[in-house]
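start-v4.txt (compact mmCIF, C-alpha atoms) appears below.
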# COMPACT_ATOMS: atom_id res chain seq x y z
CA MET A 1230 2.43 -22.60 -25.05
CA LYS A 1231 3.04 -20.16 -22.21
CA SER A 1232 0.49 -19.28 -19.51
CA LEU A 1233 0.35 -16.48 -16.98
CA LEU A 1234 -1.53 -17.40 -13.80
CA LEU A 1235 -2.51 -14.50 -11.54
CA VAL A 1236 -3.09 -15.81 -8.00
CA ALA A 1237 -5.27 -13.73 -5.66
CA HIS A 1238 -6.30 -14.51 -2.11
CA GLY A 1239 -10.02 -14.92 -2.80
CA SER A 1240 -12.77 -13.05 -0.97
CA ARG A 1241 -16.18 -13.85 0.46
CA ARG A 1242 -17.25 -10.71 -1.37
CA GLU A 1243 -17.85 -12.01 -4.88
CA ALA A 1244 -17.40 -8.52 -6.40
CA SER A 1245 -13.75 -8.61 -5.27
CA ASN A 1246 -13.21 -11.95 -7.01
CA ASP A 1247 -14.89 -10.55 -10.10
CA GLU A 1248 -12.54 -7.60 -9.96
CA VAL A 1249 -9.61 -10.04 -10.21
CA ARG A 1250 -11.34 -11.82 -13.11
CA ALA A 1251 -11.87 -8.50 -14.91
CA LEU A 1252 -8.23 -7.56 -14.41
CA THR A 1253 -7.26 -10.97 -15.80
CA ALA A 1254 -9.34 -10.32 -18.91
CA ARG A 1255 -7.62 -6.95 -19.40
CA LEU A 1256 -4.25 -8.64 -18.98
CA ALA A 1257 -5.17 -11.27 -21.54
CA ASP A 1258 -5.92 -8.53 -24.05
CA ARG A 1259 -2.58 -6.85 -23.49
CA ALA A 1260 -0.36 -9.91 -23.12
CA ARG A 1261 -0.91 -11.53 -26.48
CA ASP A 1262 2.72 -11.29 -27.56
CA ALA A 1263 4.12 -12.57 -24.28
CA PHE A 1264 1.61 -15.17 -23.09
CA ASP A 1265 -0.75 -17.45 -24.94
CA GLU A 1266 -3.23 -17.25 -22.12
CA VAL A 1267 -3.74 -15.29 -18.91
CA ILE A 1268 -5.94 -16.85 -16.25
CA CYS A 1269 -6.51 -16.39 -12.54
CA ALA A 1270 -6.83 -18.63 -9.50
CA PHE A 1271 -7.63 -18.11 -5.84
CA LEU A 1272 -5.78 -19.42 -2.82
CA GLU A 1273 -8.96 -19.65 -0.73
CA ILE A 1274 -12.72 -19.23 -0.90
CA ALA A 1275 -13.16 -18.57 -4.63
CA GLU A 1276 -12.74 -20.75 -7.70
CA PRO A 1277 -10.69 -21.98 -9.45
CA SER A 1278 -8.13 -23.19 -6.94
CA ILE A 1279 -4.43 -23.03 -7.77
CA PRO A 1280 -4.13 -26.81 -8.48
CA ASP A 1281 -7.19 -26.75 -10.73
CA ALA A 1282 -5.93 -23.74 -12.65
CA LEU A 1283 -2.46 -25.26 -13.10
CA GLN A 1284 -4.01 -28.56 -14.19
CA GLY A 1285 -6.01 -26.66 -16.80
CA CYS A 1286 -2.85 -25.02 -18.15
CA VAL A 1287 -1.17 -28.42 -18.44
CA GLU A 1288 -4.18 -29.96 -20.19
CA ARG A 1289 -4.34 -27.10 -22.69
CA GLY A 1290 -0.70 -27.79 -23.56
CA ALA A 1291 1.30 -25.25 -21.54
CA ARG A 1292 5.05 -25.82 -21.54
CA GLU A 1293 5.63 -22.92 -19.16
CA VAL A 1294 3.42 -21.36 -16.48
CA VAL A 1295 4.38 -18.09 -14.79
CA VAL A 1296 2.59 -17.75 -11.44
CA LEU A 1297 2.20 -14.18 -10.17
CA PRO A 1298 0.98 -13.66 -6.57
CA TYR A 1299 -1.44 -10.72 -6.62
CA PHE A 1300 -0.66 -9.76 -3.03
CA LEU A 1301 0.66 -6.60 -1.40
CA SER A 1302 2.75 -8.16 1.34
CA ALA A 1303 4.94 -11.17 1.85
CA GLY A 1304 2.87 -13.09 4.38
CA ARG A 1305 2.55 -16.80 4.86
CA HIS A 1306 0.36 -17.06 1.76
CA VAL A 1307 3.10 -15.69 -0.48
CA ALA A 1308 6.01 -17.31 1.33
CA GLU A 1309 4.55 -20.77 1.95
CA ASP A 1310 1.05 -21.56 0.71
CA ILE A 1311 1.38 -20.58 -2.95
CA PRO A 1312 4.85 -22.18 -3.36
CA ARG A 1313 3.59 -25.39 -1.73
CA GLU A 1314 0.65 -25.70 -4.11
CA VAL A 1315 2.77 -24.93 -7.16
CA ARG A 1316 5.49 -27.34 -6.07
CA SER A 1317 3.00 -30.14 -5.66
CA LYS A 1318 1.61 -29.62 -9.16
CA GLN A 1319 5.13 -29.25 -10.56
CA LEU A 1320 6.00 -32.72 -9.21
CA GLU A 1321 3.03 -34.20 -11.06
CA HIS A 1322 4.06 -32.53 -14.31
CA PRO A 1323 7.86 -32.24 -14.41
CA GLN A 1324 7.80 -31.54 -18.14
CA VAL A 1325 6.06 -28.19 -17.59
CA ARG A 1326 8.18 -25.34 -16.31
CA MET A 1327 6.38 -23.57 -13.45
CA ARG A 1328 7.90 -20.51 -11.87
CA ILE A 1329 6.63 -18.02 -9.29
CA THR A 1330 7.47 -14.33 -9.69
CA SER A 1331 7.71 -11.73 -6.95
CA TYR A 1332 4.39 -10.71 -5.47
CA LEU A 1333 2.89 -7.48 -6.73
CA GLY A 1334 3.75 -5.38 -3.67
CA ALA A 1335 7.45 -6.14 -4.14
CA ALA A 1336 7.57 -4.69 -7.65
CA GLU A 1337 10.09 -1.89 -7.86
CA GLN A 1338 7.57 0.20 -9.82
CA VAL A 1339 5.12 0.37 -6.88
CA PRO A 1340 6.46 3.60 -5.32
CA GLU A 1341 6.28 5.37 -8.70
CA LEU A 1342 2.75 4.07 -9.25
CA ILE A 1343 1.66 5.34 -5.83
CA LEU A 1344 3.07 8.79 -6.50
CA GLU A 1345 1.32 8.94 -9.87
CA LEU A 1346 -1.94 7.87 -8.27
CA ALA A 1347 -1.49 10.52 -5.59
CA GLY A 1348 -0.99 13.12 -8.28
CA GLY A 1349 2.43 13.87 -6.86
CA MET B 87 2.28 21.91 3.69
CA LYS B 88 1.06 18.84 1.80
CA SER B 89 0.99 15.31 3.23
CA LEU B 90 0.57 11.93 1.58
CA LEU B 91 -1.04 9.31 3.83
CA LEU B 92 -0.75 5.71 2.68
CA VAL B 93 -3.50 3.64 4.34
CA ALA B 94 -3.00 -0.12 4.61
CA HIS B 95 -5.24 -2.71 6.21
CA GLY B 96 -2.93 -3.68 9.05
CA SER B 97 -1.83 -7.22 9.82
CA ARG B 98 -1.32 -9.37 12.88
CA ARG B 99 1.98 -10.24 11.24
CA GLU B 100 4.19 -7.35 12.26
CA ALA B 101 6.58 -7.93 9.34
CA SER B 102 3.73 -7.03 6.96
CA ASN B 103 3.14 -3.75 8.77
CA ASP B 104 6.87 -3.07 8.68
CA GLU B 105 6.81 -3.70 4.95
CA VAL B 106 4.27 -0.88 4.62
CA ARG B 107 6.44 1.36 6.81
CA ALA B 108 9.50 0.60 4.68
CA LEU B 109 7.57 1.39 1.51
CA THR B 110 6.46 4.66 3.11
CA ALA B 111 10.08 5.56 3.81
CA ARG B 112 11.00 4.86 0.18
CA LEU B 113 8.08 7.02 -0.95
CA ALA B 114 9.18 9.85 1.33
CA ASP B 115 12.61 9.81 -0.32
CA ARG B 116 11.12 10.01 -3.78
CA ALA B 117 8.24 12.39 -3.15
CA ARG B 118 10.16 15.40 -1.94
CA ASP B 119 9.02 17.69 -4.75
CA ALA B 120 5.38 16.69 -4.52
CA PHE B 121 4.75 16.10 -0.81
CA ASP B 122 6.32 17.60 2.28
CA GLU B 123 5.80 14.36 4.15
CA VAL B 124 4.72 10.79 3.42
CA ILE B 125 3.37 8.76 6.31
CA CYS B 126 1.30 5.62 6.74
CA ALA B 127 -1.67 4.52 8.80
CA PHE B 128 -3.55 1.29 9.35
CA LEU B 129 -7.29 0.70 9.26
CA GLU B 130 -7.09 -2.11 11.81
CA ILE B 131 -4.71 -3.94 14.15
CA ALA B 132 -1.56 -1.83 13.65
CA GLU B 133 -0.63 1.72 14.64
CA PRO B 134 -1.09 4.56 13.92
CA SER B 135 -4.82 4.60 13.20
CA ILE B 136 -6.21 6.77 10.41
CA PRO B 137 -7.59 9.44 12.80
CA ASP B 138 -4.30 9.62 14.71
CA ALA B 139 -2.29 9.94 11.52
CA LEU B 140 -4.59 12.64 10.12
CA GLN B 141 -4.47 14.50 13.43
CA GLY B 142 -0.67 14.42 13.26
CA CYS B 143 -0.74 15.92 9.75
CA VAL B 144 -3.01 18.72 10.96
CA GLU B 145 -0.82 19.43 13.98
CA ARG B 146 2.32 19.60 11.85
CA GLY B 147 0.61 22.21 9.69
CA ALA B 148 -0.76 20.33 6.70
CA ARG B 149 -3.09 22.34 4.46
CA GLU B 150 -3.76 19.35 2.24
CA VAL B 151 -3.70 15.60 2.91
CA VAL B 152 -3.92 13.06 0.09
CA VAL B 153 -5.11 9.69 1.42
CA LEU B 154 -4.17 6.70 -0.72
CA PRO B 155 -5.77 3.31 0.09
CA TYR B 156 -3.07 0.65 -0.30
CA PHE B 157 -5.57 -2.06 -1.18
CA LEU B 158 -6.01 -4.31 -4.20
CA SER B 159 -9.79 -4.49 -4.30
CA ALA B 160 -12.73 -2.20 -3.67
CA GLY B 161 -14.24 -3.90 -0.65
CA ARG B 162 -16.08 -2.39 2.27
CA HIS B 163 -12.81 -1.04 3.70
CA VAL B 164 -12.13 1.05 0.61
CA ALA B 165 -15.75 1.96 -0.11
CA GLU B 166 -16.94 2.72 3.41
CA ASP B 167 -14.50 2.44 6.31
CA ILE B 168 -11.68 4.65 5.05
CA PRO B 169 -14.03 7.39 3.71
CA ARG B 170 -15.92 7.40 7.02
CA GLU B 171 -12.79 7.91 9.09
CA VAL B 172 -11.46 10.62 6.77
CA ARG B 173 -14.85 12.40 6.67
CA SER B 174 -15.04 12.46 10.43
CA LYS B 175 -11.57 14.05 10.72
CA GLN B 176 -12.38 16.44 7.87
CA LEU B 177 -15.38 17.74 9.83
CA GLU B 178 -13.13 18.51 12.80
CA HIS B 179 -10.65 20.38 10.59
CA PRO B 180 -12.54 22.00 7.71
CA GLN B 181 -9.58 24.28 6.91
CA VAL B 182 -7.47 21.27 5.81
CA ARG B 183 -8.25 19.79 2.41
CA MET B 184 -8.46 15.98 2.69
CA ARG B 185 -9.02 13.90 -0.40
CA ILE B 186 -8.99 10.15 -1.02
CA THR B 187 -7.48 8.81 -4.25
CA SER B 188 -8.35 5.59 -6.02
CA TYR B 189 -7.09 2.48 -4.27
CA LEU B 190 -3.92 0.94 -5.62
CA GLY B 191 -5.59 -1.98 -7.45
CA ALA B 192 -7.62 0.47 -9.54
CA ALA B 193 -4.56 2.21 -10.96
CA GLU B 194 -4.55 1.99 -14.73
CA GLN B 195 -0.83 1.11 -14.61
CA VAL B 196 -1.45 -2.18 -12.75
CA PRO B 197 -1.82 -4.42 -15.82
CA GLU B 198 1.44 -3.07 -17.27
CA LEU B 199 3.18 -3.58 -13.93
CA ILE B 200 1.95 -7.18 -13.75
CA LEU B 201 3.21 -7.93 -17.24
CA GLU B 202 6.60 -6.43 -16.43
CA LEU B 203 6.80 -8.47 -13.25
CA ALA B 204 5.88 -11.59 -15.21
CA GLY B 205 8.66 -10.85 -17.65
CA GLY B 206 6.11 -10.72 -20.46
Take the structure in the file and write it out as structure tokens.
Amino acid sequence: MKSLLLVAHGSRREASNDEVRALTARLADRARDAFDEVICAFLEIAEPSIPDALQGCVERGAREVVVLPYFLSAGRHVAEDIPREVRSKQLEHPQVRMRITSYLGAAEQVPELILELAGG
Amino acid sequence: MKSLLLVAHGSRREASNDEVRALTARLADRARDAFDEVICAFLEIAEPSIPDALQGCVERGAREVVVLPYFLSAGRHVAEDIPREVRSKQLEHPQVRMRITSYLGAAEQVPELILELAGG
């Protein structure tokens, strides 16, 4: 079983967290061939936390978890906080392959997406 | 003359602001057919501000400015702060067409981009 875990920062504004949850549901619909489940977690403020979400993947039988930081820039959260939390859970469950992808803002498709959005 | 203005939040971490500036430079290279210039501005903390950037567009002869919020969720910044600053500048320069696009996170291509990034 293969899981995709979208990790957002988490906001005090619950509508922003719900926006991430809604995106996750849309991803789950689209990802059926590639991932058995798509879930989200939040680094701060909102639930579930990254460790709780990873633990859930393990308990549901994931053999691989792809962690995608839903962030626009490579700050401390992307460079340190998310890797630290994933590493800690990885040590508890060495049989599950956990890997972190690039954060969203680093995707090479972002410039094209911006130009499409701008109608350019 | 047509300008594209990418508006980011602005960070105390200067490398994050520079990341936005680097993205803007890549956009400028790609957007030559659609926009005569691509520049960036920051809502808070970093420079230039939105009013200063819009004023620069006007002074360089822009007839149209497309403002694109480089944000992942529709918080107060996207819903209120950016529109307020653009509206205020629009009132000063009614001959220049200023319009705000959807914010990045609302782009319909985002789920596809995430799945590509996840290797799914």
Inset, instruction - Name the residues in contact with range 1278-1294 of chain A at a cut-off of 12 Å, using all atoms listed in the file, excluding same-chain residues fewer than 3 positions from it; report them as a count of residues only. - result: 49
Give me, as JSON lines, each residue of chain B that comes within 8 Å of chain A, together with its shortest interatomic pair and the distance in Å at one decimal, counting all atoms listed in the file, with rows ordered by chain and rising residue number.
{"residue": "B:Leu90", "atom": "CA", "partner": "A:Ala1347", "partner_atom": "CA", "distance": 7.6}
{"residue": "B:Arg99", "atom": "CA", "partner": "A:Gly1304", "partner_atom": "CA", "distance": 7.5}
{"residue": "B:Ser102", "atom": "CA", "partner": "A:Ser1302", "partner_atom": "CA", "distance": 5.8}
{"residue": "B:Glu105", "atom": "CA", "partner": "A:Ser1302", "partner_atom": "CA", "distance": 7.0}
{"residue": "B:Leu109", "atom": "CA", "partner": "A:Pro1340", "partner_atom": "CA", "distance": 7.3}
{"residue": "B:Arg112", "atom": "CA", "partner": "A:Pro1340", "partner_atom": "CA", "distance": 7.2}
{"residue": "B:Leu113", "atom": "CA", "partner": "A:Pro1340", "partner_atom": "CA", "distance": 5.8}
{"residue": "B:Ala117", "atom": "CA", "partner": "A:Gly1349", "partner_atom": "CA", "distance": 7.1}
{"residue": "B:Asp119", "atom": "CA", "partner": "A:Gly1349", "partner_atom": "CA", "distance": 7.9}
{"residue": "B:Ala120", "atom": "CA", "partner": "A:Gly1349", "partner_atom": "CA", "distance": 4.7}
{"residue": "B:Phe121", "atom": "CA", "partner": "A:Gly1349", "partner_atom": "CA", "distance": 6.9}
{"residue": "B:Val152", "atom": "CA", "partner": "A:Ala1347", "partner_atom": "CA", "distance": 6.7}
{"residue": "B:Val153", "atom": "CA", "partner": "A:Ala1347", "partner_atom": "CA", "distance": 7.9}
{"residue": "B:Leu154", "atom": "CA", "partner": "A:Ala1347", "partner_atom": "CA", "distance": 6.7}
{"residue": "B:Phe157", "atom": "CA", "partner": "A:Leu1301", "partner_atom": "CA", "distance": 7.7}
{"residue": "B:Leu158", "atom": "CA", "partner": "A:Leu1301", "partner_atom": "CA", "distance": 7.6}
{"residue": "B:Ser159", "atom": "CA", "partner": "A:Ser1245", "partner_atom": "CA", "distance": 5.8}
{"residue": "B:Ala160", "atom": "CA", "partner": "A:Ser1245", "partner_atom": "CA", "distance": 6.7}
{"residue": "B:Gly161", "atom": "CA", "partner": "A:Ser1245", "partner_atom": "CA", "distance": 6.6}
{"residue": "B:Thr187", "atom": "CA", "partner": "A:Ala1347", "partner_atom": "CA", "distance": 6.4}
{"residue": "B:Ser188", "atom": "CA", "partner": "A:Leu1346", "partner_atom": "CA", "distance": 7.2}
{"residue": "B:Leu190", "atom": "CA", "partner": "A:Ile1343", "partner_atom": "CA", "distance": 7.1}
{"residue": "B:Ala193", "atom": "CA", "partner": "A:Leu1346", "partner_atom": "CA", "distance": 6.8}
{"residue": "B:Gln195", "atom": "CA", "partner": "A:Leu1342", "partner_atom": "CA", "distance": 7.1}
{"residue": "B:Pro197", "atom": "CA", "partner": "A:Leu1256", "partner_atom": "CA", "distance": 5.8}
{"residue": "B:Leu199", "atom": "CA", "partner": "A:Gln1338", "partner_atom": "CA", "distance": 7.1}
{"residue": "B:Ile200", "atom": "CA", "partner": "A:Leu1333", "partner_atom": "CA", "distance": 7.1}
{"residue": "B:Leu201", "atom": "CA", "partner": "A:Ala1260", "partner_atom": "CA", "distance": 7.2}
{"residue": "B:Leu203", "atom": "CA", "partner": "A:Ala1336", "partner_atom": "CA", "distance": 6.8}
{"residue": "B:Ala204", "atom": "CA", "partner": "A:Thr1330", "partner_atom": "CA", "distance": 6.4}
{"residue": "B:Gly206", "atom": "CA", "partner": "A:Ala1263", "partner_atom": "CA", "distance": 4.7}
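The two atoms in question, CA of His163 in chain B and CA of Ala1254 in chain A, are spaced 24.7 Å apart.
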Could you add whatever atoms are missing so that range 144-158 of chain B carries N, CA, C and O atoms, then write the result as an mmCIF file, keeping the file's coordinate frame?
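Output (selection14.cif):
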data_model
loop_
_atom_site.group_PDB
_atom_site.id
_atom_site.type_symbol
_atom_site.label_atom_id
_atom_site.label_comp_id
_atom_site.auth_asym_id
_atom_site.auth_seq_id
_atom_site.Cartn_x
_atom_site.Cartn_y
_atom_site.Cartn_z
ATOM 1 N N VAL B 144 -2.420 17.409 10.640
ATOM 2 C CA VAL B 144 -3.010 18.720 10.960
ATOM 3 C C VAL B 144 -2.104 19.470 11.933
ATOM 4 O O VAL B 144 -1.799 20.654 11.743
ATOM 5 N N GLU B 145 -1.633 18.770 12.952
ATOM 6 C CA GLU B 145 -0.820 19.430 13.980
ATOM 7 C C GLU B 145 0.537 19.876 13.452
ATOM 8 O O GLU B 145 1.106 20.850 13.931
ATOM 9 N N ARG B 146 1.045 19.177 12.441
ATOM 10 C CA ARG B 146 2.320 19.600 11.850
ATOM 11 C C ARG B 146 2.122 20.689 10.801
ATOM 12 O O ARG B 146 3.067 21.140 10.188
ATOM 13 N N GLY B 147 0.863 21.065 10.564
ATOM 14 C CA GLY B 147 0.610 22.210 9.690
ATOM 15 C C GLY B 147 0.169 21.893 8.277
ATOM 16 O O GLY B 147 0.242 22.749 7.389
ATOM 17 N N ALA B 148 -0.306 20.668 8.051
ATOM 18 C CA ALA B 148 -0.760 20.330 6.700
ATOM 19 C C ALA B 148 -1.946 21.184 6.294
ATOM 20 O O ALA B 148 -2.856 21.419 7.093
ATOM 21 N N ARG B 149 -1.938 21.653 5.044
ATOM 22 C CA ARG B 149 -3.090 22.340 4.460
ATOM 23 C C ARG B 149 -3.837 21.375 3.549
ATOM 24 O O ARG B 149 -4.975 21.615 3.173
ATOM 25 N N GLU B 150 -3.153 20.342 3.133
ATOM 26 C CA GLU B 150 -3.760 19.350 2.240
ATOM 27 C C GLU B 150 -3.213 17.968 2.587
ATOM 28 O O GLU B 150 -2.007 17.822 2.817
ATOM 29 N N VAL B 151 -4.122 16.986 2.670
ATOM 30 C CA VAL B 151 -3.700 15.600 2.910
ATOM 31 C C VAL B 151 -4.313 14.722 1.818
ATOM 32 O O VAL B 151 -5.533 14.710 1.640
ATOM 33 N N VAL B 152 -3.459 14.023 1.097
ATOM 34 C CA VAL B 152 -3.920 13.060 0.090
ATOM 35 C C VAL B 152 -3.865 11.683 0.730
ATOM 36 O O VAL B 152 -2.803 11.256 1.198
ATOM 37 N N VAL B 153 -5.004 11.011 0.775
ATOM 38 C CA VAL B 153 -5.110 9.690 1.420
ATOM 39 C C VAL B 153 -5.170 8.633 0.319
ATOM 40 O O VAL B 153 -6.070 8.652 -0.523
ATOM 41 N N LEU B 154 -4.220 7.717 0.336
ATOM 42 C CA LEU B 154 -4.170 6.700 -0.720
ATOM 43 C C LEU B 154 -4.384 5.308 -0.116
ATOM 44 O O LEU B 154 -3.552 4.833 0.672
ATOM 45 N N PRO B 155 -5.502 4.658 -0.437
ATOM 46 C CA PRO B 155 -5.770 3.310 0.090
ATOM 47 C C PRO B 155 -4.868 2.267 -0.585
ATOM 48 O O PRO B 155 -4.971 2.039 -1.794
ATOM 49 N N TYR B 156 -4.001 1.672 0.208
ATOM 50 C CA TYR B 156 -3.070 0.650 -0.300
ATOM 51 C C TYR B 156 -3.766 -0.701 -0.225
ATOM 52 O O TYR B 156 -3.466 -1.550 0.613
ATOM 53 N N PHE B 157 -4.717 -0.879 -1.122
ATOM 54 C CA PHE B 157 -5.570 -2.060 -1.180
ATOM 55 C C PHE B 157 -5.655 -2.520 -2.633
ATOM 56 O O PHE B 157 -5.573 -1.698 -3.545
ATOM 57 N N LEU B 158 -5.899 -3.812 -2.825
ATOM 58 C CA LEU B 158 -6.010 -4.310 -4.200
ATOM 59 C C LEU B 158 -7.442 -4.403 -4.697
ATOM 60 O O LEU B 158 -7.658 -4.490 -5.894
#
